[in-house]
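Here's the structure we're looking at; comments come further down.
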Amino acid sequence: MPEATETAAPAAALSPRERLVFPLDVPDLDSALSCASLLGGTVGWFKIGLELFTALGPDSVARVRDAAPDCGIFLDLKLHDIPATVAGAMRQASRLGAGLVTVHAQGGSEMLRAAAGAAGDDTRVLAVTVLTSLNPAAMSELAPWFREPGELAVKLARRAMDAACHGLVCSPQEVPRLRRLHGHDPLLVVPGVRPQWARVDNDDQVRTGTPAQAIADGADLLVVGRPIRDAPDPPAAAARLCEEIAEALDSSPPRRGPRGWPPPDMAGTTPPGPDPGTWPGQRLPARTRAGMTGPPPPGPDPGGHDRSPVSRPGPRHMAETTPPGPDPGGHDRTPASRSGPSRT
Ligand code: C5P
């Protein structure tokens, strides 16, 4: 398969915070809202997945957005049905205001095309290639004619991009290959991210990688759940991830952003509120809560980007304050020039 060549595209313009997605893998509204309040200033997106959506339905989207108006909503429904049904579900997801919505790439080209066609202007359709929980043995039960999960992921990714999907969900291990094949075009969203310092009990993720490696290889957004959720201090863990993302961006060669970017409007303009509350089932030390909303550390940022995610204005806010400018052809590394997500 020929490798992609670089073509004109908008700059990535993604701050470390905008690259971090936290999945709200919790069973009830109170837990979801606690997480959203506590992490809203540190992560860029909240992912509402099957557990929360099944429990609360569409209301979950509105409630999370109200709790974290500065963040985008990623509706991870992993739609997989006949084209007409998926198109209908995608239309509804768009109406709810979800900026990112997933479908299964294994649903076939017609289904993928129907999904991409039904999404509104502010919704990006992500095709899930091969779940990061599948190891080669599990995959050989499903598709023995593929030698390893990456091979199937490549095939499904091609199908999804040909069907006009905006991006792909893939394991960290497949990022280099997909970037090489598709250039900057797809928005690559990567779960199975495991920082070296994270401890995840009974981990079901198999095809994993570190945040630094995923970013260096060309990932756009990282989905990080349990390493944050199960950390002794979740906001600090999220902030540490932003640091690692920032460092990886600094040491990677500049790369153009995906064609599907800027992403959808992330509703709201309000910075995170003053009381982030507590983590579900956990009372954090006062020092931590203050740290979430306190002023950024004094002094200039030697790295050229805002290293204090808690102080960073949100995506919509950034879109309003960023002057238009030429594509620098790489990561936007300076807060002043960061053009946050806005309507395309
Ligand atoms: O970091 P952690 O393993 O806790 O992240 C789990 C999240 O990643 C879940 O919300 C799950 O739905 C999501 N995920 C995904 N695609 C995969 C694997 C996991 O969106 N291929």
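Residue names in the structure tokens use chain letters A, B, ... in the order shown, residue numbers from 1 in each chain, and ligand numbers from 1 in the order shown.
Residues of protein or nucleic acid lying within 6 Å of ligand 1, counting only C-alpha atoms and all ligand atoms, are Pro23, Asp25, Gly49, Leu131, Thr132, Pro191, Gly192, Val193, Gln205, Val224, Gly225 and Arg226 of chain A.
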Expected file: the selected residues, N, CA and C atoms, as a PDB file, in the first residue's frame:
```
ATOM      1  N   PRO A  23     -12.246   8.950  30.327  1.00  0.00           N
ATOM      2  CA  PRO A  23     -13.507   8.221  30.185  1.00  0.00           C
ATOM      3  C   PRO A  23     -14.262   8.195  31.500  1.00  0.00           C
ATOM      4  N   ASP A  25     -16.085   6.218  33.093  1.00  0.00           N
ATOM      5  CA  ASP A  25     -16.514   4.826  33.253  1.00  0.00           C
ATOM      6  C   ASP A  25     -17.023   4.624  34.671  1.00  0.00           C
ATOM      7  N   GLY A  49     -19.288   6.612  27.877  1.00  0.00           N
ATOM      8  CA  GLY A  49     -19.295   5.314  27.211  1.00  0.00           C
ATOM      9  C   GLY A  49     -20.549   4.526  27.529  1.00  0.00           C
ATOM     10  N   LEU A 131     -10.090  -3.556  19.108  1.00  0.00           N
ATOM     11  CA  LEU A 131     -10.056  -3.199  20.529  1.00  0.00           C
ATOM     12  C   LEU A 131      -8.691  -3.478  21.137  1.00  0.00           C
ATOM     13  N   THR A 132      -8.258  -2.568  21.997  1.00  0.00           N
ATOM     14  CA  THR A 132      -6.934  -2.731  22.616  1.00  0.00           C
ATOM     15  C   THR A 132      -6.919  -3.867  23.632  1.00  0.00           C
ATOM     16  N   PRO A 191      -6.594   4.693  23.014  1.00  0.00           N
ATOM     17  CA  PRO A 191      -6.754   4.152  24.372  1.00  0.00           C
ATOM     18  C   PRO A 191      -5.626   3.158  24.647  1.00  0.00           C
ATOM     19  N   GLY A 192      -5.709   2.493  25.794  1.00  0.00           N
ATOM     20  CA  GLY A 192      -4.644   1.543  26.137  1.00  0.00           C
ATOM     21  C   GLY A 192      -3.353   2.269  26.496  1.00  0.00           C
ATOM     22  N   VAL A 193      -3.495   3.465  27.026  1.00  0.00           N
ATOM     23  CA  VAL A 193      -2.313   4.262  27.387  1.00  0.00           C
ATOM     24  C   VAL A 193      -1.949   3.978  28.836  1.00  0.00           C
ATOM     25  N   GLN A 205      -6.431  -4.249  29.344  1.00  0.00           N
ATOM     26  CA  GLN A 205      -5.816  -3.710  28.133  1.00  0.00           C
ATOM     27  C   GLN A 205      -4.555  -4.512  27.815  1.00  0.00           C
ATOM     28  N   VAL A 224      -7.247   8.122  28.648  1.00  0.00           N
ATOM     29  CA  VAL A 224      -6.585   7.555  29.832  1.00  0.00           C
ATOM     30  C   VAL A 224      -7.600   7.501  30.967  1.00  0.00           C
ATOM     31  N   GLY A 225      -7.950   6.285  31.357  1.00  0.00           N
ATOM     32  CA  GLY A 225      -8.958   6.107  32.395  1.00  0.00           C
ATOM     33  C   GLY A 225      -8.376   5.707  33.725  1.00  0.00           C
ATOM     34  N   ARG A 226      -8.171   4.421  33.900  1.00  0.00           N
ATOM     35  CA  ARG A 226      -7.788   3.924  35.227  1.00  0.00           C
ATOM     36  C   ARG A 226      -6.478   4.479  35.764  1.00  0.00           C
TER      37      ARG A 226
END
```
Exercise. When DSSP works through the backbone of this structure, what residues of stretch 76-270 of chain A end up as helix (DSSP H, G or I), shown as number ranges by chain?
Worked result: A: 83-96, 105-107, 109-118, 136-142, 149-162, 172-182, 211-217, 226-229, 234-251
For this session: Measuring atom to atom with only C-alpha atoms, identify which of A:Ile48, A:Asn135, A:Glu151, A:Thr85 is nearest to A:Asp204.
Result: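 Residue with the minimum atom-to-atom distance to A:Asp204: A:Asn135.
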Exercise. Could you pull the residues within 6 Å of A:Ala119, counting only C-alpha atoms, minus those fewer than 4 positions along the same chain, as a list in words?
Worked result: Met90, Arg91, Ser94 and Thr123 of chain A
For this session: May I have the residues within 6 Å of stretch 73-77 of chain A as a ChimeraX atom specification, using only C-alpha atoms and disregarding those fewer than 5 positions away in the same chain?
Result: /A:45-49,98-102
Exercise. Which value, in Å to one decimal, gives the distance between atom CA of A:Lys78 and atom CA of A:His104?
Worked result: 5.4 Å
Exercise. A:Ala118, A:Ala93, A:Leu112, A:Cys35: which is nearest A:Gly57, counting only C-alpha atoms?
Worked result: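 Closest to A:Gly57 of all the choices is A:Ala93.
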Exercise. Smallest atom-to-atom distance to A:Val21: which of A:Gly218, A:Gly183, A:Gly40, A:Gly120, using only C-alpha atoms?
Worked result: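 Smallest distance to A:Val21 is found for A:Gly40.
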Exercise. Hey, what does DSSP flag as strand (DSSP E) within stretch 69-151 of chain A? Can you give it to me as a PyMOL selection string?
Worked result: chain A and resi 72-79+100-104+124-128
